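Chemist: Please read through the structure below; I'll follow up with questions.
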Amino acid sequence: MSGAIDGRLVNRADLAGIFGVSVNTVTSWIEKGCPYVERGSNGVEWQFDTAAVIDWKIQRAVENVAMNAGDDGTRDSSKARREDADCRRAVANAIVAEISADEALKAVVSRHDAVADMATFCQVLRTGLSNMASKVAGRAATMTNASEIEAMAKAEMNRAFTAAREEIARRWFAGRDPDHDAGGADRNPPAG
């Protein structure tokens, strides 16, 4: 399967997160021959190619099934175990290919992209709210009506949220029609 999909370079913690295991389990994998791109040492993090690790895990699973299946000593039994292992490998390859296709079609969002988008959203919102505080403080000093101050504060807060929403929409819908999905999943949220 090597080369069938493009992997991503990740560190030990990210690899553990992808596979839903602990970092200690990844360390155990390394001891058992898990492939890596760069060995970690003195402030340098381990680097793994996710595709190579997936390939290694599939190969180990196939070997494990072939070795651990009950052997009645017949050639047909060995052939059946091998066919079962090959079938499992084919299913695993199909799942990996489907995930890769979804990523290529942008039908799924990577965790890293979602984190980056949310960080941008929060930064734009934080900037807008910080600006709101200084605007309200400066203008409220000359106002005497509490409802007028409240209305101004709400307007400035809405400006901050609108700027953050527009930034996330710009990132998500850059270069495409946001209304292209008939189900509405990709539509811009209503203005609030």
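Lettering and numbering for the structure tokens are positional, with chains as A, B, ... in the shown order, residues counted from 1 in each chain, and ligands counted from 1 in the shown order.
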Skip Ala137 (chain A) itself and residues of its chain fewer than 6 positions away, then list as a list in words all residues within 12 Å of it, counting only C-alpha atoms.

Modeler: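 Neighbouring residues, sequence-local ones excluded: Ser130, Asn131, Met143, Ile149, Glu150, Met152, Ala153 and Glu156 of chain A.
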
Chemist: For the selection you just gave me, I'd like the residues written to a file as a CSV table (one decimal), in the first residue's frame, keeping N, CA, C and O atoms.

Modeler:
```
chain,number,residue,atom,x,y,z
A,130,SER,N,-11.9,44.1,22.2
A,130,SER,CA,-11.0,45.0,22.8
A,130,SER,C,-11.2,46.4,22.2
A,130,SER,O,-11.2,47.4,23.0
A,131,ASN,N,-11.5,46.5,20.9
A,131,ASN,CA,-11.8,47.9,20.3
A,131,ASN,C,-13.1,48.4,20.9
A,131,ASN,O,-13.2,49.6,21.1
A,143,MET,N,-22.0,60.5,27.7
A,143,MET,CA,-23.4,60.2,27.7
A,143,MET,C,-24.0,60.1,29.1
A,143,MET,O,-23.2,59.7,30.1
A,149,ILE,N,-26.1,54.2,26.4
A,149,ILE,CA,-24.8,53.5,26.5
A,149,ILE,C,-24.9,52.0,26.2
A,149,ILE,O,-24.1,51.5,25.5
A,150,GLU,N,-26.0,51.4,26.7
A,150,GLU,CA,-26.2,50.0,26.5
A,150,GLU,C,-26.4,49.7,25.0
A,150,GLU,O,-25.8,48.8,24.4
A,152,MET,N,-25.2,51.5,22.5
A,152,MET,CA,-23.9,51.7,21.8
A,152,MET,C,-23.0,50.5,22.1
A,152,MET,O,-22.3,50.0,21.2
A,153,ALA,N,-23.0,49.9,23.3
A,153,ALA,CA,-22.2,48.8,23.6
A,153,ALA,C,-22.6,47.6,22.8
A,153,ALA,O,-21.8,46.8,22.3
A,156,GLU,N,-21.5,47.9,19.2
A,156,GLU,CA,-20.1,47.6,19.0
A,156,GLU,C,-19.8,46.1,19.2
A,156,GLU,O,-19.0,45.6,18.5
```

Chemist: List every residue of chain A that DSSP, applied to the backbone of this structure, places in strand (DSSP E or B), and write the result as a list in words.

Modeler: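 So, restricting chain A to strand (DSSP E or B), we get Leu9, Val10, Glu38, Ser41, Val44, Gln47, Phe48 and Asp49 of chain A.
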
Chemist: If I take CA of Arg126 (chain A) and CA of Arg159 (chain A), how far is one from the other in Å, to one decimal?

Modeler: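 Computed distance, CA of Arg126 (chain A) to CA of Arg159 (chain A), equals 11.7 Å.
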
Chemist: Tell me, as a PyMOL selection string, which residues lie within 6 Å of region 10-25 of chain A, counting only C-alpha atoms; anything in the same chain fewer than 4 positions away does not count.

Modeler: chain A and resi 46-48

Chemist: Do you know which residues are at most 12 Å from Phe121 (chain A) counting only C-alpha atoms, after dropping those on the same chain fewer than 3 positions away, and could you put them as JSON, numbers by chain?

Modeler: {"A": [114, 115, 116, 117, 118, 124, 125, 126, 127, 128, 160, 161, 162, 163, 164, 165, 166, 167, 168, 169, 170, 171, 172]}

Chemist: Find the nearest atom pair between each residue of region 15-70 of chain A and region 85-99 of chain A for residues within 8 Å, count only C-alpha atoms, give distances in Å to one decimal, sort rows by chain and ascending number, and present the table as JSON lines.

Modeler:
```
{"residue": "A:Ile58", "atom": "CA", "partner": "A:Arg89", "partner_atom": "CA", "distance": 6.3}
{"residue": "A:Gln59", "atom": "CA", "partner": "A:Arg89", "partner_atom": "CA", "distance": 7.7}
{"residue": "A:Ala61", "atom": "CA", "partner": "A:Ala85", "partner_atom": "CA", "distance": 7.9}
{"residue": "A:Val62", "atom": "CA", "partner": "A:Ala85", "partner_atom": "CA", "distance": 4.9}
{"residue": "A:Glu63", "atom": "CA", "partner": "A:Ala85", "partner_atom": "CA", "distance": 7.6}
{"residue": "A:Val65", "atom": "CA", "partner": "A:Ala85", "partner_atom": "CA", "distance": 6.0}
{"residue": "A:Ala66", "atom": "CA", "partner": "A:Ala85", "partner_atom": "CA", "distance": 6.3}
```

Chemist: According to DSSP computed on the backbone, where in chain A is there helix (DSSP H, G or I)? Give the residues as a ChimeraX atom specification.

Modeler: /A:12-19,23-31,50-68,75-104,111-140,146-173

Chemist: With only C-alpha atoms as the basis for distance, which of A:His112, A:Lys57, A:Arg139, A:Arg82 is at the shortest distance from Trp29 (chain A)?

Modeler: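 Closest residue, counting only C-alpha atoms: A:Lys57.
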
Chemist: Enter the distance from CA of Glu31 (chain A) to CA of Arg60 (chain A), in Å, rounded to one decimal.

Modeler: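 Distance between the two atoms: 13.7 Å.
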